[in-house]
Amino acid sequence: MRICDLKCREVINIKDCRRLGFVGDIDFDLEKGCILAIIVPGPPTICGFLGREKEYIIPFACIRQVGPDIILVEIEPKPPEKCKP
């Protein structure tokens, strides 16, 4: 498998069954020759005009399975944000 093949895979959190998005980048340790984390861009803000929210940096240890079209990860879901009056 090539690293570019990972960009075609969707990332899903098995803790809350939420789609996080597609792999955008990979954090790679050149000295040890291993993947440290995958980076998934966050969801877009206000119709995508103002960029994206923070990205998800998912450590390699949190990856549970890499399939032909999805990557299953196990990370703690974010609590919902409360509306400010």
# chains A, B, ... in the order shown; residues from 1 in each chain; ligands from 1
>>> residues_around(residues="range 15-25 of chain A", least_positions_apart="2", cutoff="6 Å", atoms="only C-alpha atoms", output="VMD selection string")
chain A and resid 7 9 to 13 39 to 40 74
>>> residues_around(residues="Ile63 in chain A", least_positions_apart="3", cutoff="9 Å", atoms="only C-alpha atoms", output="PyMOL selection string")
chain A and resi 37-38+58-60+66+71-75
>>> write_last_selection(atoms="N, CA, C and O atoms", output="PDB file, in the first residue's frame")
ATOM      1  N   ALA A  37       0.872   9.525  12.783  1.00  0.00           N
ATOM      2  CA  ALA A  37      -0.540   9.920  12.854  1.00  0.00           C
ATOM      3  C   ALA A  37      -1.062  10.189  11.456  1.00  0.00           C
ATOM      4  O   ALA A  37      -0.297  10.442  10.529  1.00  0.00           O
ATOM      5  N   ILE A  38      -2.403  10.126  11.344  1.00  0.00           N
ATOM      6  CA  ILE A  38      -3.054  10.588  10.120  1.00  0.00           C
ATOM      7  C   ILE A  38      -3.767  11.889  10.463  1.00  0.00           C
ATOM      8  O   ILE A  38      -4.205  12.088  11.592  1.00  0.00           O
ATOM      9  N   ILE A  58      -4.976  12.109  14.359  1.00  0.00           N
ATOM     10  CA  ILE A  58      -5.307  10.808  14.930  1.00  0.00           C
ATOM     11  C   ILE A  58      -4.035   9.975  15.026  1.00  0.00           C
ATOM     12  O   ILE A  58      -3.460   9.596  14.000  1.00  0.00           O
ATOM     13  N   PRO A  59      -3.576   9.695  16.260  1.00  0.00           N
ATOM     14  CA  PRO A  59      -2.359   8.879  16.427  1.00  0.00           C
ATOM     15  C   PRO A  59      -2.523   7.502  15.797  1.00  0.00           C
ATOM     16  O   PRO A  59      -3.625   6.942  15.757  1.00  0.00           O
ATOM     17  N   PHE A  60      -1.432   6.963  15.326  1.00  0.00           N
ATOM     18  CA  PHE A  60      -1.458   5.659  14.663  1.00  0.00           C
ATOM     19  C   PHE A  60      -2.007   4.585  15.593  1.00  0.00           C
ATOM     20  O   PHE A  60      -2.686   3.656  15.144  1.00  0.00           O
ATOM     21  N   VAL A  66      -7.777  -0.778   8.684  1.00  0.00           N
ATOM     22  CA  VAL A  66      -7.693  -0.097   7.392  1.00  0.00           C
ATOM     23  C   VAL A  66      -8.314  -1.029   6.367  1.00  0.00           C
ATOM     24  O   VAL A  66      -7.813  -2.125   6.126  1.00  0.00           O
ATOM     25  N   ILE A  71     -11.191   3.795   6.847  1.00  0.00           N
ATOM     26  CA  ILE A  71     -10.266   3.581   7.962  1.00  0.00           C
ATOM     27  C   ILE A  71     -11.084   3.759   9.234  1.00  0.00           C
ATOM     28  O   ILE A  71     -11.715   4.802   9.433  1.00  0.00           O
ATOM     29  N   LEU A  72     -11.087   2.740  10.088  1.00  0.00           N
ATOM     30  CA  LEU A  72     -11.807   2.809  11.355  1.00  0.00           C
ATOM     31  C   LEU A  72     -10.842   3.234  12.448  1.00  0.00           C
ATOM     32  O   LEU A  72      -9.758   2.658  12.591  1.00  0.00           O
ATOM     33  N   VAL A  73     -11.234   4.277  13.199  1.00  0.00           N
ATOM     34  CA  VAL A  73     -10.402   4.777  14.289  1.00  0.00           C
ATOM     35  C   VAL A  73     -11.235   4.787  15.569  1.00  0.00           C
ATOM     36  O   VAL A  73     -12.461   4.771  15.530  1.00  0.00           O
ATOM     37  N   GLU A  74     -10.550   4.812  16.693  1.00  0.00           N
ATOM     38  CA  GLU A  74     -11.234   4.868  17.979  1.00  0.00           C
ATOM     39  C   GLU A  74     -10.678   6.049  18.763  1.00  0.00           C
ATOM     40  O   GLU A  74      -9.600   5.966  19.358  1.00  0.00           O
ATOM     41  N   ILE A  75     -11.415   7.168  18.710  1.00  0.00           N
ATOM     42  CA  ILE A  75     -11.028   8.365  19.456  1.00  0.00           C
ATOM     43  C   ILE A  75     -12.239   8.840  20.246  1.00  0.00           C
ATOM     44  O   ILE A  75     -13.380   8.557  19.899  1.00  0.00           O
TER      45      ILE A  75
END
>>> select_by_dssp(residues="range 2-60 of chain A", states="strand (DSSP E)", output="PyMOL selection string")
chain A and resi 10-13+18-22+25-29+34-40+56-59
>>> write_last_selection(atoms="C-alpha atoms", output="mmCIF file, in the first residue's frame")
data_model
loop_
_atom_site.group_PDB
_atom_site.id
_atom_site.type_symbol
_atom_site.label_atom_id
_atom_site.label_comp_id
_atom_site.auth_asym_id
_atom_site.auth_seq_id
_atom_site.Cartn_x
_atom_site.Cartn_y
_atom_site.Cartn_z
ATOM 1 C CA GLU A 10 -12.829 7.872 4.537
ATOM 2 C CA VAL A 11 -12.131 7.951 8.293
ATOM 3 C CA ILE A 12 -14.901 6.819 10.661
ATOM 4 C CA ASN A 13 -14.829 6.941 14.464
ATOM 5 C CA ARG A 18 -19.309 9.595 12.977
ATOM 6 C CA ARG A 19 -17.681 10.284 9.628
ATOM 7 C CA LEU A 20 -14.630 12.456 10.208
ATOM 8 C CA GLY A 21 -13.694 12.985 6.570
ATOM 9 C CA PHE A 22 -10.939 11.826 4.266
ATOM 10 C CA ASP A 25 -2.035 14.269 5.346
ATOM 11 C CA ILE A 26 0.197 11.874 7.249
ATOM 12 C CA ASP A 27 2.680 12.568 10.040
ATOM 13 C CA PHE A 28 5.679 10.380 9.260
ATOM 14 C CA ASP A 29 8.874 9.731 11.276
ATOM 15 C CA CYS A 34 6.889 4.707 10.573
ATOM 16 C CA ILE A 35 3.594 6.577 10.507
ATOM 17 C CA LEU A 36 2.950 8.607 13.661
ATOM 18 C CA ALA A 37 -0.540 9.920 12.854
ATOM 19 C CA ILE A 38 -3.054 10.588 10.120
ATOM 20 C CA ILE A 39 -4.451 14.090 9.706
ATOM 21 C CA VAL A 40 -8.054 14.657 8.651
ATOM 22 C CA TYR A 56 -8.213 15.888 13.524
ATOM 23 C CA ILE A 57 -4.761 14.504 14.328
ATOM 24 C CA ILE A 58 -5.307 10.808 14.930
ATOM 25 C CA PRO A 59 -2.359 8.879 16.427
#
>>> atom_distance(atom1="CA of Asp5 in chain A", atom2="CA of Pro43 in chain A")
21.5 Å
>>> select_by_dssp(residues="chain A", states="helix (DSSP H, G or I)", output="list in words")
Ile3, Cys4, Asp5, Leu6, Ile46, Cys47, Gly48, Phe60, Ala61 and Cys62 of chain A
>>> write_last_selection(atoms="N, CA, C and O atoms", output="compact mmCIF listing (two decimals), in the first residue's frame")
# COMPACT_ATOMS: atom_id res chain seq x y z
N ILE A 3 1.26 5.51 0.45
CA ILE A 3 0.68 6.55 1.28
C ILE A 3 -0.41 7.30 0.52
O ILE A 3 -1.44 7.65 1.09
N CYS A 4 -0.23 7.50 -0.76
CA CYS A 4 -1.26 8.21 -1.54
C CYS A 4 -2.56 7.42 -1.60
O CYS A 4 -3.63 8.00 -1.79
N ASP A 5 -2.51 6.10 -1.39
CA ASP A 5 -3.73 5.29 -1.37
C ASP A 5 -4.58 5.60 -0.14
O ASP A 5 -5.80 5.40 -0.16
N LEU A 6 -3.97 6.07 0.93
CA LEU A 6 -4.72 6.39 2.15
C LEU A 6 -5.61 7.61 1.96
O LEU A 6 -6.64 7.75 2.61
N ILE A 46 -19.36 27.75 8.07
CA ILE A 46 -20.28 28.65 7.36
C ILE A 46 -20.18 28.50 5.84
O ILE A 46 -19.59 29.33 5.16
N CYS A 47 -20.73 27.45 5.35
CA CYS A 47 -20.77 27.17 3.90
C CYS A 47 -19.39 27.10 3.27
O CYS A 47 -19.25 27.28 2.07
N GLY A 48 -18.36 26.88 4.05
CA GLY A 48 -17.01 26.75 3.52
C GLY A 48 -16.30 28.04 3.20
O GLY A 48 -15.17 28.04 2.74
N PHE A 60 -1.43 6.96 15.33
CA PHE A 60 -1.46 5.66 14.66
C PHE A 60 -2.01 4.58 15.59
O PHE A 60 -2.69 3.66 15.14
N ALA A 61 -1.77 4.70 16.89
CA ALA A 61 -2.26 3.72 17.86
C ALA A 61 -3.79 3.68 17.93
O ALA A 61 -4.36 2.70 18.39
N CYS A 62 -4.46 4.74 17.49
CA CYS A 62 -5.93 4.80 17.52
C CYS A 62 -6.58 4.21 16.28
O CYS A 62 -7.80 4.11 16.22
>>> atom_distance(atom1="CA of Glu31 in chain A", atom2="CA of Asp69 in chain A")
29.1 Å
